[in-house]
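*Asks:* Got a structure for you, written out below as structure tokens; questions coming shortly.
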Amino acid sequence: MPTAQRAPAALLLRRGGERLLFDCAEGTQRQLQRSTVGLPDLETIFLTHFHADHTLGLPGMLKTFALRGRDEVGVTVYGPQGLRELFARLKPFLGRLPYPLTTIELAPGERLERGEYAVEAFAVDHGVAALGYALVEHERPGRFDVAAADALGVPLGPERGILQGGEPLTLTDGRVVTPDAVLGPARPGRKVVLSGDTAPSPSVVQAAHRADLLVHEATFAGDEAVRARETLHATASEAAQVAHLAEVRLLALTHVSTRYFGSELATEARVIFPETVVPRDFDLIEVPFPERGAPELVKAGARPVSSGGDDTAGASGDRGGCD
């Protein structure tokens, strides 16, 4: 539940000019407005499941889009089975929206191709229809070998761009240069995995294999392991074990119970998986390409600098809220 310092589940993933929202808890649109991101005209929203602490902010946000005069740019909401029924029940609250609203139900194993990357839905263990999501970028071409291109007589200019794009090039003398002659090995893209609410599960380990970032719930500490099993949530140490088995680069713990401040969960998890952080509201995690370094937590990276008179003080949660 929300506190004075922390909002419930919502995570904005920014990739280039795209903004993908995962879950939309109570107060999400206001938190966005208070951040350096603002409230963008989101086009894509993913719901992990339909519990109130993950969805209550959605009707208000959709109505705000309408009040701002949005009419042509649509919104697509993805979620597990039952999504269409949810929106049928929300219709009296939403009324008639002036823009297209599309709902798409996904099953575990479905993959959405989105240009340079895909979003993969995977099964989790929460006792209700629920999904986790993995954003997986496609491999990138290898580094361009300038010396090799010079030796082959590839001229400067768009010809080299053709080879970098993976296409063969015919030179003026009739010789054909293939991309493998001037490009190094393909480079991996990035992989970010969001578990949503779940007990520790082999399906999450599999989906998160070699991910750059795993965002995994840690509702409880180890002293509440029985409660975690009863409610199909995870403890911090269990989430750390998932990260260890999956060989991820960084683990971010979210969905923290109000009984914790977050630091005690980080301490517990780091015994098993040292590369663990517990983001607060308005924290960022930057995920560079693998060859450029490791993912890094940027504290208050999306929190605007206070001018001294607004209410941003205290917006950053001190109990490990979602970023």
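How things are named: the first chain in the structure tokens is A, the next is B, and so on; residues count from 1 in each chain; ligands count from 1 in the order shown.
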Run DSSP on the backbone of this structure and report the residues of region 116-275 of chain A it assigns to helix (DSSP H, G or I), as a count of residues only.
*Replies:* 52
*Asks:* At a cut-off of 12 Å, using only C-alpha atoms, what residues contact Arg96 (chain A)? Leave out same-chain residues fewer than 5 positions from it and give the result as a ChimeraX atom specification.
*Replies:* /A:62-63,66-67,71,90-91,101
*Asks:* For N, CA, C and O atoms, I'd like the residues from the last selection saved as an mmCIF file, in the first residue's frame.
*Replies:*
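After the write, again03.cif holds the following:
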data_model
loop_
_atom_site.group_PDB
_atom_site.id
_atom_site.type_symbol
_atom_site.label_atom_id
_atom_site.label_comp_id
_atom_site.auth_asym_id
_atom_site.auth_seq_id
_atom_site.Cartn_x
_atom_site.Cartn_y
_atom_site.Cartn_z
ATOM 1 N N LEU A 62 -5.905 6.974 -17.963
ATOM 2 C CA LEU A 62 -6.564 6.948 -19.269
ATOM 3 C C LEU A 62 -7.517 8.126 -19.430
ATOM 4 O O LEU A 62 -7.635 8.701 -20.515
ATOM 5 N N LYS A 63 -8.204 8.507 -18.353
ATOM 6 C CA LYS A 63 -9.092 9.673 -18.419
ATOM 7 C C LYS A 63 -8.288 10.967 -18.566
ATOM 8 O O LYS A 63 -8.712 11.889 -19.266
ATOM 9 N N ALA A 66 -7.489 11.603 -22.073
ATOM 10 C CA ALA A 66 -8.644 12.135 -22.794
ATOM 11 C C ALA A 66 -8.831 13.620 -22.518
ATOM 12 O O ALA A 66 -9.105 14.409 -23.435
ATOM 13 N N LEU A 67 -8.675 14.024 -21.266
ATOM 14 C CA LEU A 67 -8.873 15.423 -20.904
ATOM 15 C C LEU A 67 -7.815 16.333 -21.522
ATOM 16 O O LEU A 67 -8.038 17.533 -21.671
ATOM 17 N N ASP A 71 -6.584 12.336 -29.215
ATOM 18 C CA ASP A 71 -7.656 11.734 -30.005
ATOM 19 C C ASP A 71 -7.166 10.735 -31.043
ATOM 20 O O ASP A 71 -7.854 9.754 -31.327
ATOM 21 N N LEU A 90 -14.484 -1.945 -16.281
ATOM 22 C CA LEU A 90 -14.045 -0.557 -16.108
ATOM 23 C C LEU A 90 -14.809 0.415 -17.007
ATOM 24 O O LEU A 90 -14.720 1.632 -16.811
ATOM 25 N N LYS A 91 -15.564 -0.091 -17.956
ATOM 26 C CA LYS A 91 -16.206 0.783 -18.938
ATOM 27 C C LYS A 91 -17.073 1.874 -18.305
ATOM 28 O O LYS A 91 -17.025 3.033 -18.735
ATOM 29 N N LEU A 101 -8.381 2.618 -27.856
ATOM 30 C CA LEU A 101 -7.858 1.833 -26.742
ATOM 31 C C LEU A 101 -7.950 0.358 -27.129
ATOM 32 O O LEU A 101 -9.032 -0.160 -27.397
#
*Asks:* Which polymer residues have any atom within 10 Å of an atom of Thr48 (chain A), counting only C-alpha atoms, with same-chain residues fewer than 5 positions away left out, as a PyMOL selection string?
*Replies:* chain A and resi 22-24+54-55+78-80+121+124+129-133+194-197
*Asks:* CA of Ala211 (chain A) and CA of Arg190 (chain A) are how many Å apart?
*Replies:*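 It comes out at 7.4 Å.
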*Asks:* Might you pull out every residue within 12 Å of Pro288 (chain A), with only C-alpha atoms counted and same-chain residues fewer than 2 positions away left off, and present them as a PyMOL selection string?
*Replies:* chain A and resi 15-16+188-192+212-213+249+285-286+290-297
*Asks:* Counting only C-alpha atoms, figure out which residue out of A:Ala228, A:Leu32, A:Ala221, A:Ala300 gets nearest to Glu268 (chain A).
*Replies:*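 With only C-alpha atoms as the atom set, the closest residue is A:Ala221.
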*Asks:* Quick one: residues within 12 Å of Ser201 (chain A), only C-alpha atoms, excluding same-chain residues fewer than 6 positions away - as a list in words?
*Replies:*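 Final neighbour list, sorted by chain and number: Phe122, Ala123, Val124, Asp125, His126, Gly132, Ser195, Ala207, Ala208, His216, Glu217, Arg229, Leu232, His233, Ala234, Glu238, Ala239, Gln241, Val242, Ala243, Leu245 and Ala246 of chain A.
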*Asks:* Which residues are close to Pro100 (chain A), i.e. within 12 Å by only C-alpha atoms, leaving aside same-chain residues fewer than 6 positions away? Reply as a ChimeraX atom specification.
*Replies:* /A:43,62,65-66,70-77
*Asks:* Just the selected residues (all heavy atoms), exported as a PDB file, in the first residue's frame, please.
*Replies:*
ATOM      1  N   GLU A  43       1.933   5.042 -25.057  1.00  0.00           N
ATOM      2  CA  GLU A  43       1.216   4.267 -26.066  1.00  0.00           C
ATOM      3  C   GLU A  43       1.141   2.791 -25.705  1.00  0.00           C
ATOM      4  O   GLU A  43       0.310   2.070 -26.253  1.00  0.00           O
ATOM      5  CB  GLU A  43       1.898   4.432 -27.425  1.00  0.00           C
ATOM      6  CG  GLU A  43       1.876   5.863 -27.947  1.00  0.00           C
ATOM      7  CD  GLU A  43       2.516   5.990 -29.314  1.00  0.00           C
ATOM      8  OE1 GLU A  43       2.426   5.025 -30.108  1.00  0.00           O
ATOM      9  OE2 GLU A  43       3.127   7.044 -29.589  1.00  0.00           O
ATOM     10  N   LEU A  62      -5.905   6.974 -17.963  1.00  0.00           N
ATOM     11  CA  LEU A  62      -6.564   6.948 -19.269  1.00  0.00           C
ATOM     12  C   LEU A  62      -7.517   8.126 -19.430  1.00  0.00           C
ATOM     13  O   LEU A  62      -7.635   8.701 -20.515  1.00  0.00           O
ATOM     14  CB  LEU A  62      -7.295   5.622 -19.459  1.00  0.00           C
ATOM     15  CG  LEU A  62      -6.408   4.371 -19.517  1.00  0.00           C
ATOM     16  CD1 LEU A  62      -7.266   3.110 -19.598  1.00  0.00           C
ATOM     17  CD2 LEU A  62      -5.443   4.435 -20.701  1.00  0.00           C
ATOM     18  N   PHE A  65      -5.472  11.305 -20.166  1.00  0.00           N
ATOM     19  CA  PHE A  65      -5.104  11.391 -21.579  1.00  0.00           C
ATOM     20  C   PHE A  65      -6.248  11.991 -22.389  1.00  0.00           C
ATOM     21  O   PHE A  65      -6.035  12.808 -23.291  1.00  0.00           O
ATOM     22  CB  PHE A  65      -4.764  10.005 -22.124  1.00  0.00           C
ATOM     23  CG  PHE A  65      -3.482   9.424 -21.602  1.00  0.00           C
ATOM     24  CD1 PHE A  65      -3.275   8.057 -21.628  1.00  0.00           C
ATOM     25  CD2 PHE A  65      -2.479  10.230 -21.095  1.00  0.00           C
ATOM     26  CE1 PHE A  65      -2.089   7.497 -21.165  1.00  0.00           C
ATOM     27  CE2 PHE A  65      -1.294   9.691 -20.615  1.00  0.00           C
ATOM     28  CZ  PHE A  65      -1.099   8.322 -20.653  1.00  0.00           C
ATOM     29  N   ALA A  66      -7.489  11.603 -22.073  1.00  0.00           N
ATOM     30  CA  ALA A  66      -8.644  12.135 -22.794  1.00  0.00           C
ATOM     31  C   ALA A  66      -8.831  13.620 -22.518  1.00  0.00           C
ATOM     32  O   ALA A  66      -9.105  14.409 -23.435  1.00  0.00           O
ATOM     33  CB  ALA A  66      -9.902  11.356 -22.401  1.00  0.00           C
ATOM     34  N   ARG A  70      -6.220  14.224 -26.270  1.00  0.00           N
ATOM     35  CA  ARG A  70      -5.669  13.155 -27.106  1.00  0.00           C
ATOM     36  C   ARG A  70      -6.797  12.512 -27.905  1.00  0.00           C
ATOM     37  O   ARG A  70      -7.836  12.150 -27.336  1.00  0.00           O
ATOM     38  CB  ARG A  70      -4.993  12.134 -26.195  1.00  0.00           C
ATOM     39  CG  ARG A  70      -4.365  10.949 -26.891  1.00  0.00           C
ATOM     40  CD  ARG A  70      -3.579  10.131 -25.878  1.00  0.00           C
ATOM     41  NE  ARG A  70      -2.921   8.989 -26.464  1.00  0.00           N
ATOM     42  CZ  ARG A  70      -1.953   8.297 -25.866  1.00  0.00           C
ATOM     43  NH1 ARG A  70      -1.538   8.666 -24.655  1.00  0.00           N
ATOM     44  NH2 ARG A  70      -1.397   7.260 -26.453  1.00  0.00           N
ATOM     45  N   ASP A  71      -6.584  12.336 -29.215  1.00  0.00           N
ATOM     46  CA  ASP A  71      -7.656  11.734 -30.005  1.00  0.00           C
ATOM     47  C   ASP A  71      -7.166  10.735 -31.043  1.00  0.00           C
ATOM     48  O   ASP A  71      -7.854   9.754 -31.327  1.00  0.00           O
ATOM     49  CB  ASP A  71      -8.514  12.811 -30.686  1.00  0.00           C
ATOM     50  CG  ASP A  71      -7.680  13.785 -31.501  1.00  0.00           C
ATOM     51  OD1 ASP A  71      -6.466  13.555 -31.675  1.00  0.00           O
ATOM     52  OD2 ASP A  71      -8.253  14.787 -31.978  1.00  0.00           O
ATOM     53  N   GLU A  72      -5.994  10.943 -31.602  1.00  0.00           N
ATOM     54  CA  GLU A  72      -5.544  10.064 -32.679  1.00  0.00           C
ATOM     55  C   GLU A  72      -4.593   8.977 -32.200  1.00  0.00           C
ATOM     56  O   GLU A  72      -4.657   7.843 -32.669  1.00  0.00           O
ATOM     57  CB  GLU A  72      -4.867  10.892 -33.778  1.00  0.00           C
ATOM     58  CG  GLU A  72      -5.817  11.849 -34.492  1.00  0.00           C
ATOM     59  CD  GLU A  72      -5.120  12.584 -35.615  1.00  0.00           C
ATOM     60  OE1 GLU A  72      -3.903  12.355 -35.808  1.00  0.00           O
ATOM     61  OE2 GLU A  72      -5.779  13.392 -36.294  1.00  0.00           O
ATOM     62  N   VAL A  73      -3.693   9.310 -31.296  1.00  0.00           N
ATOM     63  CA  VAL A  73      -2.690   8.345 -30.840  1.00  0.00           C
ATOM     64  C   VAL A  73      -3.327   7.397 -29.830  1.00  0.00           C
ATOM     65  O   VAL A  73      -3.797   7.813 -28.777  1.00  0.00           O
ATOM     66  CB  VAL A  73      -1.483   9.068 -30.196  1.00  0.00           C
ATOM     67  CG1 VAL A  73      -0.462   8.044 -29.703  1.00  0.00           C
ATOM     68  CG2 VAL A  73      -0.844  10.016 -31.206  1.00  0.00           C
ATOM     69  N   GLY A  74      -3.349   6.119 -30.158  1.00  0.00           N
ATOM     70  CA  GLY A  74      -4.016   5.149 -29.306  1.00  0.00           C
ATOM     71  C   GLY A  74      -3.144   4.637 -28.175  1.00  0.00           C
ATOM     72  O   GLY A  74      -1.944   4.924 -28.094  1.00  0.00           O
ATOM     73  N   VAL A  75      -3.760   3.876 -27.294  1.00  0.00           N
ATOM     74  CA  VAL A  75      -3.083   3.211 -26.187  1.00  0.00           C
ATOM     75  C   VAL A  75      -3.351   1.715 -26.308  1.00  0.00           C
ATOM     76  O   VAL A  75      -4.498   1.302 -26.525  1.00  0.00           O
ATOM     77  CB  VAL A  75      -3.590   3.709 -24.821  1.00  0.00           C
ATOM     78  CG1 VAL A  75      -2.909   2.940 -23.684  1.00  0.00           C
ATOM     79  CG2 VAL A  75      -3.358   5.202 -24.664  1.00  0.00           C
ATOM     80  N   THR A  76      -2.299   0.927 -26.189  1.00  0.00           N
ATOM     81  CA  THR A  76      -2.435  -0.524 -26.180  1.00  0.00           C
ATOM     82  C   THR A  76      -2.044  -1.044 -24.805  1.00  0.00           C
ATOM     83  O   THR A  76      -0.952  -0.734 -24.319  1.00  0.00           O
ATOM     84  CB  THR A  76      -1.564  -1.182 -27.254  1.00  0.00           C
ATOM     85  OG1 THR A  76      -1.924  -0.675 -28.537  1.00  0.00           O
ATOM     86  CG2 THR A  76      -1.737  -2.698 -27.239  1.00  0.00           C
ATOM     87  N   VAL A  77      -2.939  -1.792 -24.202  1.00  0.00           N
ATOM     88  CA  VAL A  77      -2.683  -2.385 -22.893  1.00  0.00           C
ATOM     89  C   VAL A  77      -2.566  -3.889 -23.060  1.00  0.00           C
ATOM     90  O   VAL A  77      -3.470  -4.537 -23.606  1.00  0.00           O
ATOM     91  CB  VAL A  77      -3.801  -2.046 -21.888  1.00  0.00           C
ATOM     92  CG1 VAL A  77      -3.494  -2.644 -20.514  1.00  0.00           C
ATOM     93  CG2 VAL A  77      -3.987  -0.535 -21.776  1.00  0.00           C
TER      94      VAL A  77
END
*Asks:* From the options A:His49, A:Ala149, A:Gly38, A:Thr219, which residue's atoms come nearest to Ser257 (chain A), counting only C-alpha atoms?
*Replies:*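 Looking only at the distances to Ser257 (chain A), the closest residue turns out to be A:Thr219.
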*Asks:* Could you pull out the strand (DSSP E) residues of region 180-306 of chain A, going by DSSP on the backbone, and write them as an mmCIF file with C-alpha atoms, in the first residue's frame?
*Replies:*
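As written to disk, selection_27.cif reads:
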data_model
loop_
_atom_site.group_PDB
_atom_site.id
_atom_site.type_symbol
_atom_site.label_atom_id
_atom_site.label_comp_id
_atom_site.auth_asym_id
_atom_site.auth_seq_id
_atom_site.Cartn_x
_atom_site.Cartn_y
_atom_site.Cartn_z
ATOM 1 C CA LYS A 191 18.034 -7.740 -21.537
ATOM 2 C CA VAL A 192 15.793 -6.424 -18.771
ATOM 3 C CA VAL A 193 13.442 -8.749 -16.899
ATOM 4 C CA LEU A 194 10.533 -7.778 -14.632
ATOM 5 C CA LEU A 213 18.890 -6.397 -14.958
ATOM 6 C CA LEU A 214 16.354 -8.457 -13.053
ATOM 7 C CA VAL A 215 13.655 -6.504 -11.233
ATOM 8 C CA HIS A 216 12.255 -9.013 -8.761
ATOM 9 C CA GLU A 217 9.768 -8.543 -5.992
ATOM 10 C CA LEU A 250 22.190 -6.667 -11.332
ATOM 11 C CA LEU A 251 19.197 -7.452 -9.099
ATOM 12 C CA ALA A 252 16.726 -4.737 -8.120
ATOM 13 C CA LEU A 253 14.310 -5.592 -5.314
ATOM 14 C CA THR A 254 10.859 -3.960 -5.402
ATOM 15 C CA THR A 276 21.685 -6.149 -5.327
ATOM 16 C CA VAL A 277 19.993 -2.762 -4.984
ATOM 17 C CA LEU A 284 16.849 5.192 -11.975
ATOM 18 C CA ILE A 285 18.774 2.181 -13.135
ATOM 19 C CA GLU A 286 20.860 2.856 -16.207
ATOM 20 C CA GLU A 296 24.074 1.193 -12.248
ATOM 21 C CA LEU A 297 21.605 2.627 -9.745
ATOM 22 C CA VAL A 298 21.283 6.407 -9.952
#
*Asks:* So which one's closest to Thr36 (chain A), A:His138, A:Arg19, A:Arg303, A:Arg14? Using only C-alpha atoms, please.
*Replies:* A:Arg303
*Asks:* For Gly165 (chain A), list every protein, DNA or RNA residue within 12 Å, evaluated using only C-alpha atoms, and leave out those in the same chain fewer than 5 positions away; present the list as an mmCIF file with N, CA, C and O atoms, in the first residue's frame.
*Replies:*
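Produced file around_14.cif, reproduced below:
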data_model
loop_
_atom_site.group_PDB
_atom_site.id
_atom_site.type_symbol
_atom_site.label_atom_id
_atom_site.label_comp_id
_atom_site.auth_asym_id
_atom_site.auth_seq_id
_atom_site.Cartn_x
_atom_site.Cartn_y
_atom_site.Cartn_z
ATOM 1 N N ARG A 140 23.402 -6.986 -32.127
ATOM 2 C CA ARG A 140 23.852 -5.854 -32.945
ATOM 3 C C ARG A 140 25.031 -6.288 -33.813
ATOM 4 O O ARG A 140 25.770 -7.204 -33.454
ATOM 5 N N PRO A 141 25.225 -5.632 -34.962
ATOM 6 C CA PRO A 141 26.395 -5.976 -35.789
ATOM 7 C C PRO A 141 27.687 -5.784 -35.005
ATOM 8 O O PRO A 141 27.772 -4.965 -34.078
ATOM 9 N N GLY A 142 28.706 -6.543 -35.365
ATOM 10 C CA GLY A 142 30.002 -6.391 -34.722
ATOM 11 C C GLY A 142 30.649 -5.059 -35.057
ATOM 12 O O GLY A 142 30.183 -4.307 -35.926
ATOM 13 N N ARG A 143 31.755 -4.784 -34.387
ATOM 14 C CA ARG A 143 32.466 -3.525 -34.630
ATOM 15 C C ARG A 143 33.028 -3.495 -36.058
ATOM 16 O O ARG A 143 33.509 -4.510 -36.568
ATOM 17 N N PHE A 144 32.975 -2.318 -36.643
ATOM 18 C CA PHE A 144 33.466 -2.144 -38.013
ATOM 19 C C PHE A 144 34.993 -2.063 -37.997
ATOM 20 O O PHE A 144 35.581 -1.265 -37.264
ATOM 21 N N PRO A 158 28.552 6.108 -47.750
ATOM 22 C CA PRO A 158 27.405 5.219 -47.526
ATOM 23 C C PRO A 158 27.709 3.746 -47.787
ATOM 24 O O PRO A 158 27.020 2.868 -47.276
ATOM 25 N N GLU A 159 28.754 3.471 -48.578
ATOM 26 C CA GLU A 159 29.090 2.076 -48.851
ATOM 27 C C GLU A 159 29.430 1.334 -47.559
ATOM 28 O O GLU A 159 29.057 0.166 -47.376
ATOM 29 N N ARG A 160 30.123 1.993 -46.693
ATOM 30 C CA ARG A 160 30.478 1.351 -45.426
ATOM 31 C C ARG A 160 29.240 1.176 -44.537
ATOM 32 O O ARG A 160 29.144 0.215 -43.784
ATOM 33 N N THR A 178 31.447 -8.947 -48.415
ATOM 34 C CA THR A 178 30.388 -9.367 -47.489
ATOM 35 C C THR A 178 30.623 -8.752 -46.113
ATOM 36 O O THR A 178 31.768 -8.424 -45.756
ATOM 37 N N PRO A 179 29.568 -8.563 -45.326
ATOM 38 C CA PRO A 179 29.723 -7.925 -44.014
ATOM 39 C C PRO A 179 30.740 -8.614 -43.104
ATOM 40 O O PRO A 179 31.463 -7.954 -42.363
ATOM 41 N N ASP A 180 30.810 -9.958 -43.170
ATOM 42 C CA ASP A 180 31.724 -10.668 -42.271
ATOM 43 C C ASP A 180 33.180 -10.330 -42.536
ATOM 44 O O ASP A 180 34.044 -10.557 -41.687
ATOM 45 N N VAL A 182 34.363 -7.333 -42.865
ATOM 46 C CA VAL A 182 34.750 -6.063 -42.232
ATOM 47 C C VAL A 182 34.123 -5.880 -40.849
ATOM 48 O O VAL A 182 34.361 -4.860 -40.193
ATOM 49 N N LEU A 183 33.320 -6.835 -40.419
ATOM 50 C CA LEU A 183 32.665 -6.711 -39.119
ATOM 51 C C LEU A 183 33.163 -7.788 -38.168
ATOM 52 O O LEU A 183 33.382 -8.941 -38.569
ATOM 53 N N ALA A 186 29.119 -10.591 -33.790
ATOM 54 C CA ALA A 186 27.903 -9.888 -33.379
ATOM 55 C C ALA A 186 27.945 -9.596 -31.884
ATOM 56 O O ALA A 186 28.452 -10.396 -31.084
#
*Asks:* Can you measure CA of Leu265 (chain A) to CA of Glu224 (chain A) for me? One decimal in Å is fine.
*Replies:*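 We find that CA of Leu265 (chain A) and CA of Glu224 (chain A) lie 11.8 Å from each other.
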